[in-house]
>>> print(open('model04.txt').read())   # compact mmCIF, C-alpha atoms
# COMPACT_ATOMS: atom_id res chain seq x y z
CA MET A 1 -20.11 -5.77 -13.97
CA VAL A 2 -18.07 -7.16 -11.09
CA THR A 3 -17.10 -10.80 -10.71
CA THR A 4 -15.17 -12.41 -7.87
CA GLN A 5 -12.69 -15.14 -8.68
CA THR A 6 -10.12 -17.24 -6.82
CA LEU A 7 -6.67 -18.43 -7.87
CA GLU A 8 -5.82 -21.50 -5.80
CA THR A 9 -2.13 -22.17 -5.16
CA PRO A 10 -0.40 -24.49 -2.67
CA ALA A 11 0.42 -21.52 -0.42
CA VAL A 12 -2.68 -19.34 -0.67
CA ASP A 13 -6.12 -18.97 -2.23
CA LEU A 14 -5.95 -15.54 -3.87
CA VAL A 15 -9.33 -13.83 -4.16
CA TYR A 16 -9.76 -10.96 -6.59
CA ASP A 17 -12.54 -8.82 -8.04
CA VAL A 18 -12.74 -8.11 -11.77
CA TYR A 19 -14.52 -4.93 -12.81
CA GLY A 20 -15.40 -5.28 -16.48
CA PRO A 21 -14.68 -7.96 -19.08
CA LEU A 22 -11.75 -10.34 -19.37
CA PRO A 23 -10.11 -10.19 -21.80
CA PRO A 24 -10.52 -6.41 -21.71
CA ALA A 25 -12.55 -4.65 -24.35
CA GLY A 26 -10.58 -2.54 -26.80
CA GLY A 27 -7.37 -4.48 -26.27
CA ARG A 28 -5.96 -2.27 -23.51
CA ALA A 29 -4.23 -4.04 -20.65
CA PRO A 30 -6.09 -4.49 -17.36
CA LEU A 31 -5.47 -2.01 -14.56
CA LEU A 32 -4.43 -3.97 -11.48
CA MET A 33 -4.89 -2.23 -8.11
CA VAL A 34 -2.82 -3.37 -5.13
CA GLY A 35 -3.00 -2.27 -1.50
CA GLN A 36 -1.55 -3.46 1.78
CA PRO A 37 -2.60 -4.01 4.50
CA MET A 38 -5.79 -2.87 2.77
CA ASP A 39 -7.60 -5.50 0.73
CA GLY A 40 -9.30 -5.10 -2.62
CA ALA A 41 -12.48 -3.64 -1.09
CA GLY A 42 -10.66 -0.35 -0.64
CA PHE A 43 -10.56 0.21 -4.40
CA ARG A 44 -14.30 0.05 -5.06
CA THR A 45 -14.71 3.80 -5.43
CA LEU A 46 -11.55 4.28 -7.47
CA ALA A 47 -12.49 1.41 -9.80
CA SER A 48 -15.89 3.01 -10.40
CA HIS A 49 -14.13 5.97 -12.01
CA PHE A 50 -12.67 3.69 -14.70
CA PRO A 51 -15.85 2.30 -16.32
CA ASP A 52 -14.04 2.06 -19.66
CA ARG A 53 -11.24 -0.10 -18.24
CA THR A 54 -11.05 -3.62 -16.89
CA VAL A 55 -9.89 -3.18 -13.29
CA ILE A 56 -8.67 -6.00 -11.08
CA ALA A 57 -8.42 -5.53 -7.30
CA TYR A 58 -7.10 -8.39 -5.21
CA ASP A 59 -6.77 -9.33 -1.57
CA PRO A 60 -3.08 -9.92 -0.74
CA ARG A 61 -1.99 -13.18 0.87
CA GLY A 62 -3.35 -13.41 4.41
CA LEU A 63 -5.55 -10.31 4.11
CA GLY A 64 -9.26 -10.01 3.47
CA ARG A 65 -10.56 -13.09 1.68
CA SER A 66 -7.18 -14.51 0.58
CA VAL A 67 -6.59 -17.37 3.00
CA ARG A 68 -2.96 -18.40 3.31
CA LYS A 69 -1.93 -22.03 3.74
CA ASP A 70 1.80 -21.57 4.31
CA GLY A 71 1.64 -21.26 8.10
CA ARG A 72 3.27 -17.82 8.07
CA HIS A 73 2.04 -14.50 9.44
CA ASP A 74 4.46 -12.01 7.92
CA HIS A 75 3.73 -9.92 4.83
CA ALA A 76 7.02 -10.08 2.95
CA PRO A 77 6.91 -8.08 -0.31
CA GLU A 78 8.78 -10.81 -2.17
CA LEU A 79 6.05 -13.35 -1.35
CA GLN A 80 3.30 -10.93 -2.28
CA ALA A 81 5.11 -10.11 -5.53
CA ALA A 82 5.29 -13.82 -6.38
CA ASP A 83 1.54 -14.01 -5.83
CA LEU A 84 0.96 -11.09 -8.18
CA HIS A 85 3.17 -12.71 -10.80
CA ALA A 86 1.14 -15.93 -10.51
CA LEU A 87 -2.11 -13.98 -10.83
CA ILE A 88 -0.95 -12.07 -13.92
CA GLU A 89 0.23 -15.31 -15.52
CA ALA A 90 -3.05 -17.07 -14.71
CA LEU A 91 -5.03 -14.23 -16.23
CA GLY A 92 -2.87 -14.19 -19.34
CA ALA A 93 -3.15 -10.43 -19.05
CA GLY A 94 0.41 -9.13 -18.89
CA PRO A 95 1.94 -6.73 -19.12
CA VAL A 96 -0.64 -4.93 -16.97
CA GLU A 97 -0.88 -1.37 -15.78
CA MET A 98 -0.69 -1.16 -12.01
CA PHE A 99 -1.65 1.21 -9.22
CA GLY A 100 -0.02 0.32 -5.90
CA SER A 101 -1.01 2.02 -2.67
CA SER A 102 1.07 2.11 0.52
CA GLY A 103 2.38 -1.40 1.18
CA GLY A 104 0.91 -2.37 -2.17
CA ALA A 105 3.29 0.11 -3.79
CA VAL A 106 6.17 -1.70 -2.08
CA THR A 107 4.91 -5.07 -3.34
CA ALA A 108 4.56 -3.62 -6.83
CA LEU A 109 8.17 -2.39 -6.80
CA ALA A 110 9.29 -5.87 -5.73
CA LEU A 111 7.24 -7.36 -8.59
CA VAL A 112 8.82 -5.09 -11.21
CA ALA A 113 12.31 -5.89 -9.90
CA ALA A 114 11.67 -9.65 -10.06
CA HIS A 115 9.40 -9.84 -13.12
CA PRO A 116 9.91 -6.68 -15.20
CA GLY A 117 7.85 -8.02 -18.08
CA ASP A 118 4.68 -8.16 -15.97
CA VAL A 119 4.03 -4.43 -15.71
CA ALA A 120 3.97 -1.78 -18.44
CA THR A 121 3.33 1.21 -16.15
CA LEU A 122 3.43 1.28 -12.36
CA VAL A 123 2.08 4.15 -10.31
CA ALA A 124 3.46 3.56 -6.82
CA HIS A 125 1.59 5.81 -4.39
CA GLU A 126 3.40 6.65 -1.15
CA PRO A 127 5.42 3.46 -0.49
CA PRO A 128 6.24 3.58 3.26
CA LEU A 129 9.93 2.68 2.98
CA LEU A 130 11.78 3.73 6.11
CA HIS A 131 15.41 3.20 5.09
CA VAL A 132 15.22 5.95 2.44
CA LEU A 133 14.57 8.60 5.11
CA PRO A 134 17.39 10.73 6.53
CA ASP A 135 16.00 9.93 9.99
CA ALA A 136 15.55 6.22 9.25
CA ALA A 137 16.70 5.05 12.69
CA ALA A 138 14.29 7.43 14.42
CA ALA A 139 11.47 6.36 12.10
CA GLU A 140 12.10 2.73 13.02
CA ARG A 141 12.02 3.70 16.68
CA ALA A 142 8.70 5.48 16.15
CA ARG A 143 7.33 2.40 14.40
CA ALA A 144 8.42 0.20 17.30
CA ARG A 145 6.72 2.58 19.70
CA VAL A 146 3.39 2.01 17.94
CA ARG A 147 3.88 -1.76 18.19
CA ASP A 148 4.75 -1.49 21.88
CA VAL A 149 1.64 0.57 22.65
CA TYR A 150 -0.49 -1.92 20.74
CA GLU A 151 1.03 -4.89 22.56
CA LYS A 152 0.50 -3.23 25.92
CA LYS A 153 -2.92 -1.60 25.51
CA GLY A 154 -4.67 -3.03 22.45
CA GLY A 155 -6.11 -1.82 19.18
CA GLY A 156 -7.60 1.55 20.12
CA ALA A 157 -4.43 2.75 21.82
CA GLY A 158 -2.29 1.28 19.05
CA MET A 159 -4.27 3.01 16.30
CA ALA A 160 -4.10 6.32 18.16
CA ALA A 161 -0.32 5.93 18.37
CA PHE A 162 -0.20 5.04 14.67
CA ILE A 163 -2.19 8.14 13.70
CA ALA A 164 0.07 10.31 15.84
CA MET A 165 3.14 8.84 14.14
CA THR A 166 1.85 9.11 10.59
CA SER A 167 0.59 12.68 11.05
CA TRP A 168 3.83 13.95 12.62
CA GLN A 169 5.37 16.73 10.55
CA GLY A 170 9.03 16.42 9.63
CA GLU A 171 11.72 14.20 11.06
CA PHE A 172 11.15 12.30 14.30
CA THR A 173 12.89 14.40 16.92
CA ASP A 174 13.37 14.20 20.68
CA ASP A 175 10.21 16.27 20.99
CA TYR A 176 8.20 13.51 19.32
CA PHE A 177 9.54 10.82 21.63
CA ALA A 178 9.05 13.01 24.71
CA ARG A 179 5.30 13.08 24.14
CA PRO A 180 3.16 10.52 25.96
CA ALA A 181 1.16 7.98 24.01
CA PRO A 182 -2.04 9.70 22.84
CA ASP A 183 -5.45 9.09 24.37
CA PRO A 184 -7.48 6.87 22.02
CA ALA A 185 -10.58 8.98 22.70
CA ALA A 186 -8.83 11.99 21.14
CA PHE A 187 -8.99 10.12 17.82
CA GLY A 188 -12.40 8.59 18.33
CA MET A 189 -10.88 5.21 19.14
CA PRO A 190 -12.21 2.83 21.81
CA ALA A 191 -10.11 2.45 24.94
CA GLU A 192 -11.27 -1.13 25.51
CA ASP A 193 -8.80 -3.92 24.73
CA ASP A 194 -10.33 -6.90 22.91
CA GLY A 195 -7.21 -8.98 23.55
CA SER A 196 -6.23 -9.54 19.91
CA ARG A 197 -2.67 -8.77 18.81
CA ASP A 198 -2.69 -9.82 15.16
CA ASP A 199 -3.43 -6.52 13.42
CA PRO A 200 -1.14 -6.33 10.36
CA LEU A 201 -0.87 -2.56 10.62
CA LEU A 202 -0.15 -2.20 14.34
CA SER A 203 1.87 -5.36 15.05
CA ASP A 204 5.27 -6.17 13.60
CA ARG A 205 3.78 -8.49 10.97
CA SER A 206 4.18 -5.87 8.24
CA TRP A 207 7.64 -4.65 9.21
CA ALA A 208 9.01 -6.56 6.22
CA VAL A 209 7.11 -4.05 4.07
CA SER A 210 8.55 -0.89 5.57
CA ASP A 211 12.00 -2.55 5.86
CA HIS A 212 12.05 -3.53 2.19
CA ARG A 213 15.00 -2.27 0.16
CA PRO A 214 14.08 -1.94 -3.51
CA ASP A 215 16.55 -3.25 -6.07
CA VAL A 216 17.35 0.11 -7.64
CA ALA A 217 19.51 -1.39 -10.40
CA ALA A 218 16.78 -3.82 -11.42
CA LEU A 219 14.07 -1.15 -11.28
CA THR A 220 15.99 1.38 -13.37
CA ALA A 221 16.89 -1.32 -15.91
CA ALA A 222 13.32 -2.61 -16.21
CA PRO A 223 11.21 -1.69 -19.26
CA THR A 224 8.44 -0.71 -16.85
CA ARG A 225 7.57 2.96 -16.65
CA ILE A 226 7.63 3.67 -12.89
CA VAL A 227 5.91 6.74 -11.45
CA ILE A 228 6.29 7.43 -7.71
CA ALA A 229 3.26 9.38 -6.52
CA VAL A 230 2.74 11.53 -3.43
CA GLY A 231 -0.41 13.20 -2.10
CA GLU A 232 -0.44 16.97 -1.99
CA GLU A 233 -1.61 16.81 1.64
CA SER A 234 1.17 14.40 2.61
CA ALA A 235 3.95 16.97 2.51
CA GLY A 236 6.14 16.57 5.59
CA VAL A 237 4.52 13.43 7.01
CA LEU A 238 6.08 9.97 7.03
CA THR A 239 4.53 8.49 3.88
CA GLY A 240 4.97 11.69 1.91
CA ARG A 241 8.60 12.03 2.90
CA ALA A 242 9.21 8.37 2.03
CA ALA A 243 7.60 8.80 -1.40
CA VAL A 244 9.73 11.82 -2.23
CA ALA A 245 12.88 10.03 -1.07
CA THR A 246 12.01 6.88 -3.03
CA ALA A 247 11.47 8.91 -6.18
CA ARG A 248 14.89 10.49 -5.78
CA LEU A 249 16.40 7.06 -5.22
CA LEU A 250 15.08 6.14 -8.67
CA GLY A 251 16.32 9.37 -10.23
CA GLN A 252 12.96 11.11 -10.54
CA GLU A 253 10.74 13.64 -8.82
CA ALA A 254 7.58 12.41 -7.13
CA THR A 255 4.38 13.10 -9.09
CA VAL A 256 1.85 15.00 -6.97
CA PHE A 257 -1.65 13.56 -6.68
CA PRO A 258 -4.70 15.13 -5.03
CA SER A 259 -5.45 14.57 -1.35
CA HIS A 260 -3.59 12.36 1.11
CA HIS A 261 -2.40 8.78 1.71
CA GLY A 262 -5.93 7.47 1.25
CA GLY A 263 -6.88 10.07 -1.33
CA PHE A 264 -8.66 7.55 -3.57
CA LEU A 265 -11.01 6.32 -0.85
CA GLY A 266 -14.69 7.18 -1.06
CA GLY A 267 -15.91 6.17 2.36
CA GLU A 268 -14.39 2.70 2.49
CA PHE A 269 -13.28 1.96 6.06
CA GLY A 270 -14.87 5.27 7.12
CA GLN A 271 -12.28 7.35 5.26
CA SER A 272 -12.67 9.67 2.30
CA GLY A 273 -10.24 11.55 0.13
CA GLN A 274 -10.86 13.18 -3.24
CA PRO A 275 -11.54 10.06 -5.33
CA GLU A 276 -12.85 11.82 -8.44
CA ALA A 277 -9.86 14.17 -8.66
CA PHE A 278 -7.52 11.33 -7.73
CA ALA A 279 -8.92 9.15 -10.52
CA ARG A 280 -8.53 11.98 -13.04
CA LYS A 281 -4.88 12.34 -12.11
CA LEU A 282 -4.31 8.58 -12.25
CA ARG A 283 -5.91 8.41 -15.69
CA GLU A 284 -3.76 11.32 -16.87
CA VAL A 285 -0.57 9.63 -15.66
CA LEU A 286 -1.49 6.25 -17.15
CA ASP A 287 -2.50 7.77 -20.48
CA ALA A 288 0.78 9.66 -20.67
CA GLY A 289 2.52 6.31 -21.00
>>> encode(input="model04.txt", output="structure tokens")
Amino acid sequence: MVTTQTLETPAVDLVYDVYGPLPPAGGRAPLLMVGQPMDGAGFRTLASHFPDRTVIAYDPRGLGRSVRKDGRHDHAPELQAADLHALIEALGAGPVEMFGSSGGAVTALALVAAHPGDVATLVAHEPPLLHVLPDAAAAERARARVRDVYEKKGGGAGMAAFIAMTSWQGEFTDDYFARPAPDPAAFGMPAEDDGSRDDPLLSDRSWAVSDHRPDVAALTAAPTRIVIAVGEESAGVLTGRAAVATARLLGQEATVFPSHHGGFLGGEFGQSGQPEAFARKLREVLDAG
């Protein structure tokens, strides 16, 4: 059973999907799934592997179906965290268990720092925080290069540059920057430019996410059990390196999950990981709490 609901606030209409009953059967807290810039549709396969749980997947402010009314275009984690807090309060469901993916993991960390009573267990999967990397300045330069290609040549070229950046092994060296921007066709991307420049992944609209600096003192003092997760196939690439470094920042080792950055996907957006194995690992980690 899936129902779609909307929480209307002065700044945004937050749309979310509820898999299962509310309040949850059996008394266990809901499992809230958060992505960014992915919307809630990306969790359909993962949610299907938790038929015994009430799962909530939402569209962050300004993404998917959640229409923002604040006149802004950035995706600041603090704003997104405030939205999550409002949603949890409106549901009367806290403290929840939470799975955060990519930018959603960053938002979830911001939520725990600001509202530690909202989340019992957080599994933060590969938060793309750049400042934690030893080559942070070079990583920021690589990120800017993707934006520049996108601004100059459009979405296909920008996505090809993004894939090249996120699949690069190890630190960003002179060899990386000496390479020309990749041909979109090499990644199956169209070379045509549709003229749009508002993609949250390829523009600078989500730089607030990768620039976010978690409040380590607040996170370590919170009652929330925080687990930083990394995909086994992400070793050496940007998001994997960032996850490992973030875990160390919080005094822990990253917990290894199956597959890659999108390991929970089951064909959403044309991508697939190992969703069944991923869900088993997620259940194991949540149940351990």
>>> closest_residue(input="model04.txt", among="A:Ala142, A:Ala47, A:Leu91, A:Val34", to="A:Asp175", atoms="all atoms listed in the file")
A:Ala142
>>> closest_residue(input="model04.txt", among="A:Ala279, A:Met98, A:Leu14, A:Ala25", to="A:Gln80", atoms="only C-alpha atoms")
A:Leu14
>>> residues_around(input="model04.txt", residues="A:Lys69", least_positions_apart="5", cutoff="8 Å", atoms="all atoms listed in the file", output="JSON, numbers by chain")
{"A": [10, 11, 12, 13]}
>>> residues_around(input="model04.txt", residues="A:Val149", least_positions_apart="2", cutoff="10 Å", atoms="all atoms listed in the file", output="list in words")
Ala144, Arg145, Val146, Arg147, Glu151, Lys152, Lys153, Gly154, Gly155, Gly156, Ala157, Gly158, Met159, Ala160, Ala161, Phe162, Ala181, Pro182, Leu202 and Ser203 of chain A
>>> atom_distance(input="model04.txt", atom1="atom CA of A:Ile226", atom2="atom CA of A:Gly117")
12.8 Å
>>> closest_atom_pairs(input="model04.txt", of="stretch 209-229 of chain A", to="stretch 247-255 of chain A", cutoff="9 Å", atoms="all atoms listed in the file", output="CSV")
residue,atom,partner,partner_atom,distance
A:Val216,CA,A:Leu250,CA,6.5
A:Ala217,CA,A:Leu250,CA,8.9
A:Leu219,CA,A:Leu250,CA,7.8
A:Thr220,CA,A:Leu250,CA,6.8
A:Ile226,CA,A:Leu250,CA,8.9
A:Val227,CA,A:Thr255,CA,7.0
A:Ile228,CA,A:Ala254,CA,5.2
A:Ala229,CA,A:Thr255,CA,4.7
>>> decode(input="model04.txt", residues="stretch 101-169 of chain A", atoms="C-alpha atoms", output="short mmCIF file (atom, residue, chain, number, x, y, z; two decimals), in the first residue's frame")
data_model
loop_
_atom_site.label_atom_id
_atom_site.label_comp_id
_atom_site.auth_asym_id
_atom_site.auth_seq_id
_atom_site.Cartn_x
_atom_site.Cartn_y
_atom_site.Cartn_z
CA SER A 101 21.83 8.76 0.23
CA SER A 102 24.39 11.14 -1.26
CA GLY A 103 23.20 14.70 -0.67
CA GLY A 104 20.40 13.20 1.40
CA ALA A 105 23.05 11.84 3.76
CA VAL A 106 24.39 15.39 4.14
CA THR A 107 20.89 16.71 4.89
CA ALA A 108 20.39 13.92 7.41
CA LEU A 109 23.62 14.82 9.22
CA ALA A 110 22.45 18.45 9.37
CA LEU A 111 19.12 17.27 10.78
CA VAL A 112 20.73 15.22 13.55
CA ALA A 113 23.00 18.14 14.48
CA ALA A 114 20.05 20.55 14.70
CA HIS A 115 17.34 18.20 16.01
CA PRO A 116 19.03 15.19 17.64
CA GLY A 117 15.76 13.88 19.04
CA ASP A 118 14.29 13.34 15.57
CA VAL A 119 16.40 10.34 14.55
CA ALA A 120 17.14 7.14 16.46
CA THR A 121 19.48 5.60 13.86
CA LEU A 122 20.92 7.27 10.78
CA VAL A 123 22.61 5.35 8.00
CA ALA A 124 24.38 8.02 5.94
CA HIS A 125 25.46 6.48 2.64
CA GLU A 126 28.35 8.19 0.85
CA PRO A 127 27.83 11.87 1.80
CA PRO A 128 29.77 13.84 -0.87
CA LEU A 129 31.55 16.23 1.50
CA LEU A 130 34.57 17.76 -0.19
CA HIS A 131 36.29 19.52 2.71
CA VAL A 132 37.04 16.21 4.46
CA LEU A 133 39.28 15.09 1.59
CA PRO A 134 43.05 15.54 1.72
CA ASP A 135 42.82 16.97 -1.82
CA ALA A 136 39.82 19.18 -1.01
CA ALA A 137 41.03 22.14 -3.09
CA ALA A 138 41.59 19.93 -6.12
CA ALA A 139 38.18 18.29 -5.63
CA GLU A 140 36.54 21.71 -5.61
CA ARG A 141 38.41 22.56 -8.80
CA ALA A 142 37.17 19.33 -10.39
CA ARG A 143 33.62 20.17 -9.33
CA ALA A 144 33.92 23.63 -10.87
CA ARG A 145 35.19 22.07 -14.07
CA VAL A 146 31.97 20.04 -14.38
CA ARG A 147 29.91 23.21 -13.87
CA ASP A 148 31.97 25.07 -16.48
CA VAL A 149 31.51 22.31 -19.07
CA TYR A 150 27.79 22.26 -18.36
CA GLU A 151 27.49 26.04 -18.68
CA LYS A 152 29.40 26.01 -21.95
CA LYS A 153 28.05 22.91 -23.68
CA GLY A 154 24.87 21.75 -21.95
CA GLY A 155 23.55 18.69 -20.18
CA GLY A 156 25.10 15.84 -22.17
CA ALA A 157 28.60 17.28 -21.97
CA GLY A 158 28.09 18.23 -18.34
CA MET A 159 26.95 14.74 -17.36
CA ALA A 160 29.89 13.18 -19.19
CA ALA A 161 32.23 15.45 -17.24
CA PHE A 162 30.43 14.55 -14.01
CA ILE A 163 30.79 10.82 -14.67
CA ALA A 164 34.48 11.27 -15.46
CA MET A 165 34.96 13.15 -12.19
CA THR A 166 33.04 10.75 -9.99
CA SER A 167 34.70 7.66 -11.49
CA TRP A 168 38.25 9.03 -11.16
CA GLN A 169 40.38 6.82 -8.93
#
